[in-house]
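Shown next: work_16.txt, containing compact mmCIF, C-alpha atoms.
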```txt
# COMPACT_ATOMS: atom_id res chain seq x y z
CA MET A 710 -10.02 -23.99 4.54
CA GLY A 711 -10.72 -24.59 8.21
CA SER A 712 -10.75 -22.22 11.13
CA GLU A 713 -9.80 -18.55 10.96
CA VAL A 714 -6.76 -19.21 13.13
CA ALA A 715 -5.56 -21.84 10.66
CA GLN A 716 -6.13 -19.43 7.75
CA LEU A 717 -4.21 -16.67 9.56
CA LEU A 718 -1.32 -19.04 10.25
CA GLU A 719 -1.37 -20.10 6.59
CA ALA A 720 -0.83 -16.45 5.59
CA ALA A 721 1.96 -16.06 8.18
CA ASP A 722 3.65 -19.22 6.91
CA PHE A 723 3.38 -18.07 3.27
CA ALA A 724 4.83 -14.65 4.15
CA ALA A 725 7.63 -16.21 6.24
CA HIS A 726 8.58 -18.49 3.35
CA LYS A 727 8.54 -15.65 0.78
CA HIS A 728 10.51 -13.23 3.01
CA ARG A 729 12.89 -15.90 4.37
CA ARG A 730 16.06 -14.39 2.91
CA GLN A 731 15.19 -10.75 3.61
CA ARG A 732 16.27 -8.52 6.48
CA ARG A 733 15.09 -5.13 7.69
CA MET A 734 17.45 -2.16 7.25
CA ASP A 735 17.89 -1.65 10.99
CA PRO A 736 21.41 -2.03 12.42
CA GLU A 737 20.48 -5.47 13.85
CA GLY A 738 19.35 -6.76 10.45
CA THR A 739 16.07 -7.97 11.95
CA PRO A 740 14.36 -10.76 9.97
CA TYR A 741 11.94 -9.09 7.55
CA ILE A 742 9.00 -11.29 8.64
CA ASN A 743 8.94 -9.37 11.94
CA HIS A 744 7.52 -6.41 9.98
CA PRO A 745 4.34 -7.99 8.51
CA ILE A 746 3.70 -9.82 11.78
CA GLY A 747 4.12 -6.50 13.62
CA VAL A 748 1.68 -4.78 11.23
CA ALA A 749 -0.94 -7.50 11.82
CA ARG A 750 -0.34 -7.25 15.58
CA ILE A 751 -0.90 -3.47 15.54
CA LEU A 752 -4.23 -4.08 13.78
CA THR A 753 -5.42 -6.63 16.34
CA HIS A 754 -3.97 -5.12 19.54
CA GLU A 755 -4.29 -1.40 18.86
CA ALA A 756 -7.17 -1.08 16.40
CA GLY A 757 -9.26 -4.08 17.48
CA VAL A 758 -9.39 -5.48 13.94
CA THR A 759 -10.82 -9.00 13.73
CA ASP A 760 -11.52 -9.12 9.96
CA LEU A 761 -9.61 -12.20 8.75
CA ALA A 762 -9.01 -10.89 5.21
CA VAL A 763 -7.56 -7.61 6.52
CA LEU A 764 -5.24 -9.48 8.92
CA GLN A 765 -4.14 -11.88 6.16
CA ALA A 766 -3.49 -8.90 3.87
CA ALA A 767 -1.40 -7.30 6.64
CA LEU A 768 0.74 -10.44 6.82
CA LEU A 769 1.01 -10.59 3.01
CA HIS A 770 1.21 -6.85 2.26
CA ASP A 771 4.84 -6.86 1.04
CA THR A 772 4.99 -10.31 -0.56
CA VAL A 773 4.07 -9.23 -4.10
CA GLU A 774 6.09 -6.02 -3.92
CA ASP A 775 9.26 -7.50 -2.42
CA THR A 776 9.35 -11.22 -3.29
CA ASP A 777 8.56 -13.52 -6.20
CA ALA A 778 4.94 -13.93 -5.02
CA THR A 779 2.26 -12.97 -7.55
CA LEU A 780 -1.24 -11.58 -7.09
CA GLU A 781 -2.56 -14.72 -8.79
CA GLU A 782 -0.78 -16.89 -6.24
CA VAL A 783 -2.20 -14.80 -3.37
CA GLU A 784 -5.72 -15.13 -4.81
CA LEU A 785 -5.36 -18.88 -5.33
CA ARG A 786 -4.19 -19.40 -1.72
CA PHE A 787 -6.22 -16.76 0.12
CA GLY A 788 -9.13 -15.66 -2.08
CA ALA A 789 -10.15 -12.65 -4.14
CA ARG A 790 -10.72 -10.22 -1.25
CA VAL A 791 -7.22 -10.76 0.20
CA ARG A 792 -5.78 -10.39 -3.30
CA ARG A 793 -7.59 -7.05 -3.79
CA LEU A 794 -6.34 -5.74 -0.44
CA VAL A 795 -2.74 -6.80 -1.16
CA GLU A 796 -3.01 -5.30 -4.64
CA GLU A 797 -4.20 -1.97 -3.20
CA VAL A 798 -1.19 -1.66 -0.89
CA THR A 799 1.41 -2.92 -3.38
CA ASP A 800 3.72 -0.42 -5.09
CA ASP A 801 4.58 -0.99 -8.75
CA LYS A 802 8.34 -1.60 -8.55
CA THR A 803 8.72 -0.87 -12.29
CA LEU A 804 8.07 2.82 -11.50
CA PRO A 805 10.77 5.16 -10.17
CA LYS A 806 10.72 5.61 -6.38
CA PRO A 807 9.53 9.27 -6.44
CA GLU A 808 6.59 8.22 -8.62
CA ARG A 809 5.71 5.32 -6.30
CA LYS A 810 5.77 7.68 -3.32
CA ARG A 811 3.60 10.25 -5.14
CA LEU A 812 1.07 7.55 -6.06
CA GLN A 813 0.81 6.38 -2.44
CA VAL A 814 -0.17 9.92 -1.41
CA GLU A 815 -2.57 10.28 -4.34
CA ARG A 816 -4.28 6.89 -3.91
CA ALA A 817 -4.59 6.85 -0.10
CA PRO A 818 -7.97 8.64 0.09
CA HIS A 819 -9.47 6.32 -2.54
CA SER A 820 -8.37 3.05 -0.90
CA SER A 821 -10.87 0.59 0.53
CA PRO A 822 -11.41 0.66 4.32
CA GLY A 823 -9.41 -2.58 4.72
CA ALA A 824 -6.48 -1.29 2.68
CA LYS A 825 -6.52 1.95 4.68
CA LEU A 826 -6.19 -0.05 7.90
CA VAL A 827 -3.21 -2.00 6.54
CA LYS A 828 -1.58 1.24 5.32
CA LEU A 829 -2.07 2.96 8.70
CA ALA A 830 -0.61 0.03 10.62
CA ASP A 831 2.28 -0.27 8.13
CA LYS A 832 3.16 3.42 8.50
CA LEU A 833 2.84 3.22 12.29
CA TYR A 834 5.19 0.22 12.43
CA ASN A 835 7.75 1.86 10.13
CA LEU A 836 7.71 5.20 11.96
CA ARG A 837 8.11 3.53 15.36
CA ASP A 838 11.01 1.57 13.90
CA LEU A 839 12.61 4.79 12.59
CA ASN A 840 12.25 6.37 16.03
CA ARG A 841 13.86 3.30 17.61
CA CYS A 842 16.91 3.34 15.34
CA THR A 843 18.16 4.86 12.10
CA PRO A 844 18.40 2.39 9.20
CA LYS A 845 21.84 1.57 7.82
CA GLY A 846 22.90 4.28 5.38
CA TRP A 847 20.16 6.75 6.36
CA SER A 848 20.87 10.31 7.51
CA GLU A 849 18.69 12.08 10.08
CA HIS A 850 17.50 14.27 7.18
CA ARG A 851 16.28 11.20 5.26
CA VAL A 852 14.43 9.96 8.36
CA GLN A 853 12.69 13.34 8.67
CA GLU A 854 11.79 13.27 4.96
CA TYR A 855 10.21 9.84 5.45
CA PHE A 856 8.12 11.21 8.34
CA GLU A 857 7.01 14.15 6.18
CA TRP A 858 6.02 11.87 3.31
CA ALA A 859 4.26 9.43 5.67
CA ALA A 860 2.24 12.35 7.09
CA GLN A 861 1.02 13.14 3.56
CA VAL A 862 -0.07 9.52 3.05
CA VAL A 863 -1.75 9.34 6.48
CA ARG A 864 -3.68 12.58 5.77
CA GLY A 865 -5.47 10.67 3.01
CA LEU A 866 -6.29 7.78 5.34
CA GLN A 867 -7.96 9.84 8.08
CA GLY A 868 -11.34 8.76 9.38
CA THR A 869 -10.39 5.06 9.31
CA SER A 870 -9.16 4.19 12.81
CA PRO A 871 -9.11 6.86 15.53
CA ARG A 872 -6.74 4.78 17.69
CA LEU A 873 -4.14 4.27 14.96
CA GLU A 874 -4.48 7.85 13.75
CA GLU A 875 -3.93 9.20 17.28
CA ALA A 876 -0.80 7.06 17.69
CA LEU A 877 0.49 8.37 14.34
CA GLN A 878 -0.48 11.95 15.20
CA GLN A 879 1.62 11.68 18.38
CA LEU A 880 4.67 10.52 16.38
CA PHE A 881 4.20 13.37 13.89
CA ARG A 882 3.82 15.95 16.69
CA GLU A 883 7.13 14.77 18.17
CA ARG A 884 8.70 15.57 14.79
CA GLY A 885 7.05 18.98 14.52
CA LEU A 886 4.54 17.78 11.90
CA THR A 887 0.77 18.00 11.81
CA LEU A 888 -1.85 16.11 9.84
```

Spell out the structure here as structure tokens.
Amino acid sequence: MGSEVAQLLEAADFAAHKHRRQRRMDPEGTPYINHPIGVARILTHEAGVTDLAVLQAALLHDTVEDTDATLEEVELRFGARVRRLVEEVTDDKTLPKPERKRLQVERAPHSSPGAKLVKLADKLYNLRDLNRCTPKGWSEHRVQEYFEWAAQVVRGLQGTSPRLEEALQQLFRERGLTL
């Protein structure tokens, strides 16, 4: 497949194509692709992650959950390890939202180290975004509930990346929460 940089850009291109019509829920309606790129950037810049499959999975982590991409397609393009990582961090959208949230908390401690890294960076990105601005249609109460739920998920991911966990811990402390 060529160099690691080429393979990383291939994942970014795939994610950009799949998410092309999606926007974040922030007031600006930021292009959705900013999120997976931001998650991958947190992994490289703040956690020192250089594992190509983990970085590709970070870029692809919402493609199966939120677009028409399939796990088979991910495996065909990026290999079995990337597929497994994406599969681990993908919610089953056929389940009701409360069940999906409960399963994230329940499954977090049993995730692979790579999936735990993606989950930590994903939560860190989302929580920073919530601190920056409230999504359209969200009350302050809903934002706080998201922080409380995220803290439960992050509890199950502890021992994975001290730097990411400290950054998350700081955000939780600001909200009166502890891990």

Computed gap from CA of Ala824 (chain A) to CA of His770 (chain A) is 9.5 Å

In Å and to one decimal, CA of Asn835 (chain A) is distant from CA of Gly885 (chain A) by 17.7 Å

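Between CA of Ala762 (chain A) and CA of His744 (chain A) there is a distance of 17.8 Å.
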
Name the residues in contact with Lys845 (chain A) at a cut-off of 8 Å, using all atoms listed in the file, excluding same-chain residues fewer than 2 positions from it; report them as a list of chain:residue names. A:Met734, A:Asp735, A:Pro736, A:Thr843, A:Trp847

Write the selection just made, keeping C-alpha atoms, as a JSON list (two decimals), in the frame of the given file?
```json
[["chain", "number", "residue", "atom", "x", "y", "z"],
["A", 734, "MET", "CA", 17.45, -2.16, 7.25],
["A", 735, "ASP", "CA", 17.89, -1.65, 10.99],
["A", 736, "PRO", "CA", 21.41, -2.03, 12.42],
["A", 843, "THR", "CA", 18.16, 4.86, 12.10],
["A", 847, "TRP", "CA", 20.16, 6.75, 6.36]]
```

Using only C-alpha atoms, the shortest atom-to-atom distance to Glu849 (chain A) among A:Lys828, A:Arg816, A:Arg884, A:Arg729 belongs to A:Arg884

Please provide the set of residues having any atom within 9 Å of Ile746 (chain A), restricted to only C-alpha atoms, with same-chain residues fewer than 5 positions apart removed, written as a VMD selection string.
chain A and resid 721 751 767 to 768

Which of these residues is nearest to Glu854 (chain A), using all atoms listed in the file: A:Thr803, A:Lys810, A:Lys825, A:Thr779?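 Going through A:Thr803, A:Lys810, A:Lys825, A:Thr779 one by one, the smallest distance to Glu854 (chain A) is for A:Lys810.
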
Query - Long-range neighbours of Asp800 (chain A) as a list of chain:residue names, 9 Å cut-off, only C-alpha atoms, 3 positions minimum in chain - result: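 The residues satisfying every condition are A:Asp771, A:Val773, A:Glu774, A:Glu796, A:Glu797, A:Thr803, A:Leu804, A:Arg809, A:Lys810, A:Leu812, A:Gln813.
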
With distances taken over only C-alpha atoms, the candidate from A:Ala766, A:Asp777, A:Ala860, A:Leu826 nearest Lys727 (chain A) is A:Asp777

Margin query: For a cutoff of 10 Å around the file-coordinate point (-0.5, -14.8, 8.9), which residues qualify once you count all atoms listed in the file? I'd like the result as a VMD selection string.
Written below: chain A and resid 714 to 725 745 to 746 749 761 764 to 769

### Message
Could you list, as a list in words, every residue within 9 Å of region 870-881 of chain A, counting only C-alpha atoms and ignoring same-chain residues fewer than 4 positions away?
### Response
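What passes the distance filter is Ile751, Leu752, Glu755, Ala756, Lys825, Leu826, Leu829, Ala830, Lys832, Leu833, Leu836, Arg837, Asn840, Phe856, Glu857, Ala860, Val863, Leu866, Gly885, Leu886, Thr887 and Leu888 of chain A.
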
Worksheet entry | Option closest in space to Pro740 (chain A), from A:Thr799, A:Arg811, A:Pro818, A:His728 [counting only C-alpha atoms] |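 Once distances to Pro740 (chain A) are computed over only C-alpha atoms, the minimum belongs to A:His728.
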
Using 4 Å of padding on each side, determine the axis-aligned box around all atoms of region 802-809 of chain A present in the file and give its centre and edge lengths in Å to one decimal, as AutoDock Vina command-line options.
```
--center_x 8.2 --center_y 3.8 --center_z -9.3 --size_x 13.1 --size_y 18.9 --size_z 14.0
```

Generate N, CA, C and O atoms for region 863-888 of chain A and emit them as a PDB file, in the coordinates of the input.
```
ATOM      1  N   VAL A 863      -0.805   9.528   5.381  1.00  0.00           N
ATOM      2  CA  VAL A 863      -1.750   9.340   6.480  1.00  0.00           C
ATOM      3  C   VAL A 863      -2.892  10.364   6.415  1.00  0.00           C
ATOM      4  O   VAL A 863      -4.032  10.041   6.754  1.00  0.00           O
ATOM      5  N   ARG A 864      -2.607  11.571   5.953  1.00  0.00           N
ATOM      6  CA  ARG A 864      -3.680  12.580   5.770  1.00  0.00           C
ATOM      7  C   ARG A 864      -4.819  12.009   4.931  1.00  0.00           C
ATOM      8  O   ARG A 864      -5.988  12.251   5.213  1.00  0.00           O
ATOM      9  N   GLY A 865      -4.464  11.250   3.897  1.00  0.00           N
ATOM     10  CA  GLY A 865      -5.470  10.670   3.010  1.00  0.00           C
ATOM     11  C   GLY A 865      -6.171   9.448   3.577  1.00  0.00           C
ATOM     12  O   GLY A 865      -7.110   8.941   2.975  1.00  0.00           O
ATOM     13  N   LEU A 866      -5.707   8.974   4.723  1.00  0.00           N
ATOM     14  CA  LEU A 866      -6.290   7.780   5.340  1.00  0.00           C
ATOM     15  C   LEU A 866      -7.146   8.129   6.557  1.00  0.00           C
ATOM     16  O   LEU A 866      -7.701   7.248   7.203  1.00  0.00           O
ATOM     17  N   GLN A 867      -7.255   9.416   6.873  1.00  0.00           N
ATOM     18  CA  GLN A 867      -7.960   9.840   8.080  1.00  0.00           C
ATOM     19  C   GLN A 867      -9.430   9.435   8.054  1.00  0.00           C
ATOM     20  O   GLN A 867     -10.040   9.349   6.991  1.00  0.00           O
ATOM     21  N   GLY A 868      -9.953   9.169   9.261  1.00  0.00           N
ATOM     22  CA  GLY A 868     -11.340   8.760   9.380  1.00  0.00           C
ATOM     23  C   GLY A 868     -11.486   7.238   9.319  1.00  0.00           C
ATOM     24  O   GLY A 868     -12.590   6.725   9.165  1.00  0.00           O
ATOM     25  N   THR A 869     -10.387   6.520   9.435  1.00  0.00           N
ATOM     26  CA  THR A 869     -10.390   5.060   9.310  1.00  0.00           C
ATOM     27  C   THR A 869     -10.321   4.376  10.674  1.00  0.00           C
ATOM     28  O   THR A 869     -11.100   3.479  10.965  1.00  0.00           O
ATOM     29  N   SER A 870      -9.359   4.791  11.496  1.00  0.00           N
ATOM     30  CA  SER A 870      -9.160   4.190  12.810  1.00  0.00           C
ATOM     31  C   SER A 870      -8.656   5.250  13.771  1.00  0.00           C
ATOM     32  O   SER A 870      -7.461   5.569  13.770  1.00  0.00           O
ATOM     33  N   PRO A 871      -9.536   5.805  14.599  1.00  0.00           N
ATOM     34  CA  PRO A 871      -9.110   6.860  15.530  1.00  0.00           C
ATOM     35  C   PRO A 871      -7.911   6.465  16.381  1.00  0.00           C
ATOM     36  O   PRO A 871      -7.031   7.281  16.616  1.00  0.00           O
ATOM     37  N   ARG A 872      -7.845   5.204  16.821  1.00  0.00           N
ATOM     38  CA  ARG A 872      -6.740   4.780  17.690  1.00  0.00           C
ATOM     39  C   ARG A 872      -5.401   4.791  16.955  1.00  0.00           C
ATOM     40  O   ARG A 872      -4.399   5.268  17.488  1.00  0.00           O
ATOM     41  N   LEU A 873      -5.387   4.272  15.732  1.00  0.00           N
ATOM     42  CA  LEU A 873      -4.140   4.270  14.960  1.00  0.00           C
ATOM     43  C   LEU A 873      -3.756   5.689  14.564  1.00  0.00           C
ATOM     44  O   LEU A 873      -2.583   6.068  14.603  1.00  0.00           O
ATOM     45  N   GLU A 874      -4.755   6.471  14.176  1.00  0.00           N
ATOM     46  CA  GLU A 874      -4.480   7.850  13.750  1.00  0.00           C
ATOM     47  C   GLU A 874      -3.948   8.691  14.900  1.00  0.00           C
ATOM     48  O   GLU A 874      -3.058   9.519  14.701  1.00  0.00           O
ATOM     49  N   GLU A 875      -4.441   8.458  16.113  1.00  0.00           N
ATOM     50  CA  GLU A 875      -3.930   9.200  17.280  1.00  0.00           C
ATOM     51  C   GLU A 875      -2.486   8.805  17.573  1.00  0.00           C
ATOM     52  O   GLU A 875      -1.658   9.656  17.875  1.00  0.00           O
ATOM     53  N   ALA A 876      -2.181   7.521  17.463  1.00  0.00           N
ATOM     54  CA  ALA A 876      -0.800   7.060  17.690  1.00  0.00           C
ATOM     55  C   ALA A 876       0.135   7.679  16.648  1.00  0.00           C
ATOM     56  O   ALA A 876       1.249   8.109  16.978  1.00  0.00           O
ATOM     57  N   LEU A 877      -0.312   7.744  15.397  1.00  0.00           N
ATOM     58  CA  LEU A 877       0.490   8.370  14.340  1.00  0.00           C
ATOM     59  C   LEU A 877       0.623   9.867  14.578  1.00  0.00           C
ATOM     60  O   LEU A 877       1.714  10.431  14.455  1.00  0.00           O
ATOM     61  N   GLN A 878      -0.486  10.505  14.930  1.00  0.00           N
ATOM     62  CA  GLN A 878      -0.480  11.950  15.200  1.00  0.00           C
ATOM     63  C   GLN A 878       0.559  12.300  16.262  1.00  0.00           C
ATOM     64  O   GLN A 878       1.284  13.284  16.144  1.00  0.00           O
ATOM     65  N   GLN A 879       0.640  11.461  17.307  1.00  0.00           N
ATOM     66  CA  GLN A 879       1.620  11.680  18.380  1.00  0.00           C
ATOM     67  C   GLN A 879       3.042  11.620  17.832  1.00  0.00           C
ATOM     68  O   GLN A 879       3.875  12.471  18.158  1.00  0.00           O
ATOM     69  N   LEU A 880       3.332  10.638  16.986  1.00  0.00           N
ATOM     70  CA  LEU A 880       4.670  10.520  16.380  1.00  0.00           C
ATOM     71  C   LEU A 880       4.979  11.736  15.512  1.00  0.00           C
ATOM     72  O   LEU A 880       6.102  12.259  15.523  1.00  0.00           O
ATOM     73  N   PHE A 881       3.988  12.194  14.753  1.00  0.00           N
ATOM     74  CA  PHE A 881       4.200  13.370  13.890  1.00  0.00           C
ATOM     75  C   PHE A 881       4.432  14.624  14.730  1.00  0.00           C
ATOM     76  O   PHE A 881       5.299  15.429  14.427  1.00  0.00           O
ATOM     77  N   ARG A 882       3.646  14.780  15.811  1.00  0.00           N
ATOM     78  CA  ARG A 882       3.820  15.950  16.690  1.00  0.00           C
ATOM     79  C   ARG A 882       5.244  15.993  17.253  1.00  0.00           C
ATOM     80  O   ARG A 882       5.854  17.058  17.312  1.00  0.00           O
ATOM     81  N   GLU A 883       5.772  14.829  17.636  1.00  0.00           N
ATOM     82  CA  GLU A 883       7.130  14.770  18.170  1.00  0.00           C
ATOM     83  C   GLU A 883       8.166  15.232  17.148  1.00  0.00           C
ATOM     84  O   GLU A 883       9.250  15.650  17.506  1.00  0.00           O
ATOM     85  N   ARG A 884       7.805  15.152  15.879  1.00  0.00           N
ATOM     86  CA  ARG A 884       8.700  15.570  14.790  1.00  0.00           C
ATOM     87  C   ARG A 884       8.365  16.967  14.253  1.00  0.00           C
ATOM     88  O   ARG A 884       8.895  17.391  13.241  1.00  0.00           O
ATOM     89  N   GLY A 885       7.424  17.626  14.956  1.00  0.00           N
ATOM     90  CA  GLY A 885       7.050  18.980  14.520  1.00  0.00           C
ATOM     91  C   GLY A 885       6.138  18.993  13.297  1.00  0.00           C
ATOM     92  O   GLY A 885       6.050  19.991  12.587  1.00  0.00           O
ATOM     93  N   LEU A 886       5.440  17.885  13.064  1.00  0.00           N
ATOM     94  CA  LEU A 886       4.540  17.780  11.900  1.00  0.00           C
ATOM     95  C   LEU A 886       3.103  17.688  12.362  1.00  0.00           C
ATOM     96  O   LEU A 886       2.819  17.214  13.451  1.00  0.00           O
ATOM     97  N   THR A 887       2.197  18.138  11.512  1.00  0.00           N
ATOM     98  CA  THR A 887       0.770  18.000  11.810  1.00  0.00           C
ATOM     99  C   THR A 887       0.078  17.335  10.626  1.00  0.00           C
ATOM    100  O   THR A 887       0.575  17.375   9.505  1.00  0.00           O
ATOM    101  N   LEU A 888      -1.070  16.734  10.920  1.00  0.00           N
ATOM    102  CA  LEU A 888      -1.850  16.110   9.840  1.00  0.00           C
ATOM    103  C   LEU A 888      -2.828  17.108   9.257  1.00  0.00           C
ATOM    104  O   LEU A 888      -3.257  18.013   9.884  1.00  0.00           O
TER     105      LEU A 888
END
```
